[in-house]
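Read through the structure below, which is laid out as C-alpha cells, and then see the notes.
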2 protein chains.
Amino acid sequence: MIINQSDISAMEQRYRATFINSLAGIKQVVLVGTRSVDGQSNLAIFNSLIHIGANPALYGILFRPDTVRRDTLLNILETGQYTLNYVHAANFEKAHQTSAKYDNNISEFSAIGFTEQLSEPFTAPFIKEAVVKIGMKFEEKNDLKINGTMLVIGSIQHIEINENIVGKDGFVALANENILACGGLDAYYSVNFLGRLSYAKPEKWPEKLDS
Amino acid sequence: MIINQSDISAMEQRYRATFINSLAGIKQVVLVGTRSVDGQSNLAIFNSLIHIGANPALYGILFRPDTVRRDTLLNILETGQYTLNYVHAANFEKAHQTSAKYDNNISEFSAIGFTEQLSEPFTAPFIKEAVVKIGMKFEEKNDLKINGTMLVIGSIQHIEINENIVGKDGFVALANENILACGGLDAYYSVNFLGRLSYAKPEKWPEKLDS
C-alpha cells in the first residue's frame, strides 16, 4: 500500500507514534545507567544509539523533549557520566520494564531485578548481568532546531566485555552473546548472524570473512 | 576484559574502527537512493537511521566527513530528495556491494542488480525489490561540532509497504518480511521476533501483546 504525508498527518496520534517508530527498523537495546547528585541510581531503555566517531570514540543517544526520561538527561548533565548496557535477549521483559514510570526515590535496578555494579572511577551504575558495559563521559548536547529533540554525545571511557566475542581484527560478535535488539516502542528481537563480508570493490563480488 | 580510554587511543586505526563500529550494536540496514542534478542514480548503504519524531514524521541519518558517501549527501542537498529502502536478509551481499566505490557515471542499481523504481512526484529512485520504501524530503542539516559529522534530517513524504505487515495499531512487523539488519561496517544479521510487550507500569510486569 502507499501512504503519503497527508495520510500520516491524518493518523490517530497513538497509531502514528507506533507506526513511525516501528517503521524506523531494527535497533540496539541500550539500558542507560545514571546516578543523581543525591546518589539515586536510575536505569532507562533507549533505542537510539548512534555511532558518531571512532577516534575519539564517540556515541550519541537521542532525547525527545516529551519523554519521561528527563531524569536520565538531568543526571548526565549534572554528573557528566552515564553507562550503556546491552543485555541478553532472555532479559527482554526486564529491559522493557525499565520504561515504567517509577517514583523518583525508587531505583529501577532493585525494582526490576538487575544488579548494580560499580567500576571505579565511575559513580554511574553498570548492570552486572549486562553482556556489554560501556562507561561514557558527556561531551556535547546538540539541540535539533526542527523539533526540540536533543542529541547527547559522549566519549567512551571504559568497556567491559567478554574477550571471547572480540575477534582478532576488533570485530565484536554480539550475536554470540544472544544480544537483545528492538523495533519501535515495545517490540523485541534476537538476531542471527548471517556473516561478515570483505571490503567492497567494484570489480568483484564480496566474499564471506572467516569470523 | 576491561578496556579504557587510553587502550582505545592506542589501538591500530583499522582495529579501532572495526571495534568501535561493531560495539555500537545491531542496526537497521538502509539503502539510500538519490539522483544527481544530471540524472545519475545512486545507491549507498547506511546503518545510522534514527527516529527523530512522529509528528511531523522525521528520520535522521549521519554522514561522516571522511566517507565515500559524499555523492549521496550532495544529491540530497541539491535535489532535496532521497529514498530509504529496506531489503530482505537474503539480499545482504547486494546491500554490502553498494559500499563499493563505483565511478560517478555508474549507477549502483544496474551494477549490482537492483531495479530502479520511480514513484511520482519523486525523482529520487526507489529499489523495486525493497520490502520498505520511504520517500524523504530534506529538512535540516545539523553539523556536530565535536568531529564534523553531519546529522541530516528529512520528513517522510511517501511510504510503500506490504499492508499485511502493518498491524491494527500501526505496528510494522518487519521480521515477517525477514528484514536485513547489520552491525559495524561488514556484519549482517536477520532477526527473530520475540514479542511485543504491554505499556510498562511500575505495579505490574509487562505482558505479551497479541501482534
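Just so we're on the same page: first chain in the C-alpha cells is A, next is B, and so on; residues restart at 1 for each chain, and ligands are numbered from 1 in the order they show up.
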
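With only C-alpha atoms taken into account, the protein and nucleic acid residues at most 10 Å from Leu174 of chain A (excluding it and anything under 2 positions from it in its own chain) are Tyr86, His88, Val131, Val132, Ile165, Val166, Phe171, Val172, Asn176, Glu177, Asn178, Ile179, Leu180, Val191, Asn192 and Phe193 of chain A; Ser22, Leu23, Ala24, Gly25, Ile26 and Gly183 of chain B.
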
Same residues, C-alpha atoms, saved as a JSON list (two decimals), in the first residue's frame:
```json
[["chain", "number", "residue", "atom", "x", "y", "z"],
["A", 86, "TYR", "CA", 23.42, -4.33, 26.44],
["A", 88, "HIS", "CA", 20.81, -10.94, 26.67],
["A", 131, "VAL", "CA", 26.87, -8.55, 28.14],
["A", 132, "VAL", "CA", 28.41, -5.23, 27.15],
["A", 165, "ILE", "CA", 33.47, -12.21, 21.49],
["A", 166, "VAL", "CA", 36.19, -9.76, 20.35],
["A", 171, "PHE", "CA", 35.04, -7.20, 15.49],
["A", 172, "VAL", "CA", 32.56, -7.64, 18.36],
["A", 176, "ASN", "CA", 27.44, -14.94, 20.10],
["A", 177, "GLU", "CA", 26.02, -13.50, 23.31],
["A", 178, "ASN", "CA", 22.41, -13.56, 22.01],
["A", 179, "ILE", "CA", 22.12, -9.79, 22.26],
["A", 180, "LEU", "CA", 18.72, -8.07, 22.60],
["A", 191, "VAL", "CA", 19.49, -11.74, 15.93],
["A", 192, "ASN", "CA", 21.01, -14.41, 13.67],
["A", 193, "PHE", "CA", 24.49, -13.80, 12.32],
["B", 22, "SER", "CA", 30.70, -3.13, 15.81],
["B", 23, "LEU", "CA", 30.43, -2.37, 19.53],
["B", 24, "ALA", "CA", 27.66, 0.14, 18.70],
["B", 25, "GLY", "CA", 25.30, -2.80, 18.26],
["B", 26, "ILE", "CA", 22.59, -4.01, 15.92],
["B", 183, "GLY", "CA", 26.43, -4.47, 12.91]]
```

For this session: Report as a VMD selection string the set of chain A residues whose atoms approach chain B to within 7 Å, with distances computed over only C-alpha atoms.
Result: chain A and resid 1 to 5 15 to 28 48 50 to 51 54 57 93 96 to 97 99 to 102 156 to 163 169 to 172 181 186 to 197 200 to 202 206

Exercise. Can you list, as a PyMOL selection string, every residue of segment 27-116 of chain B that DSSP puts in helix (DSSP H, G or I)?
Worked result: chain B and resi 70-79+89-97+108-112
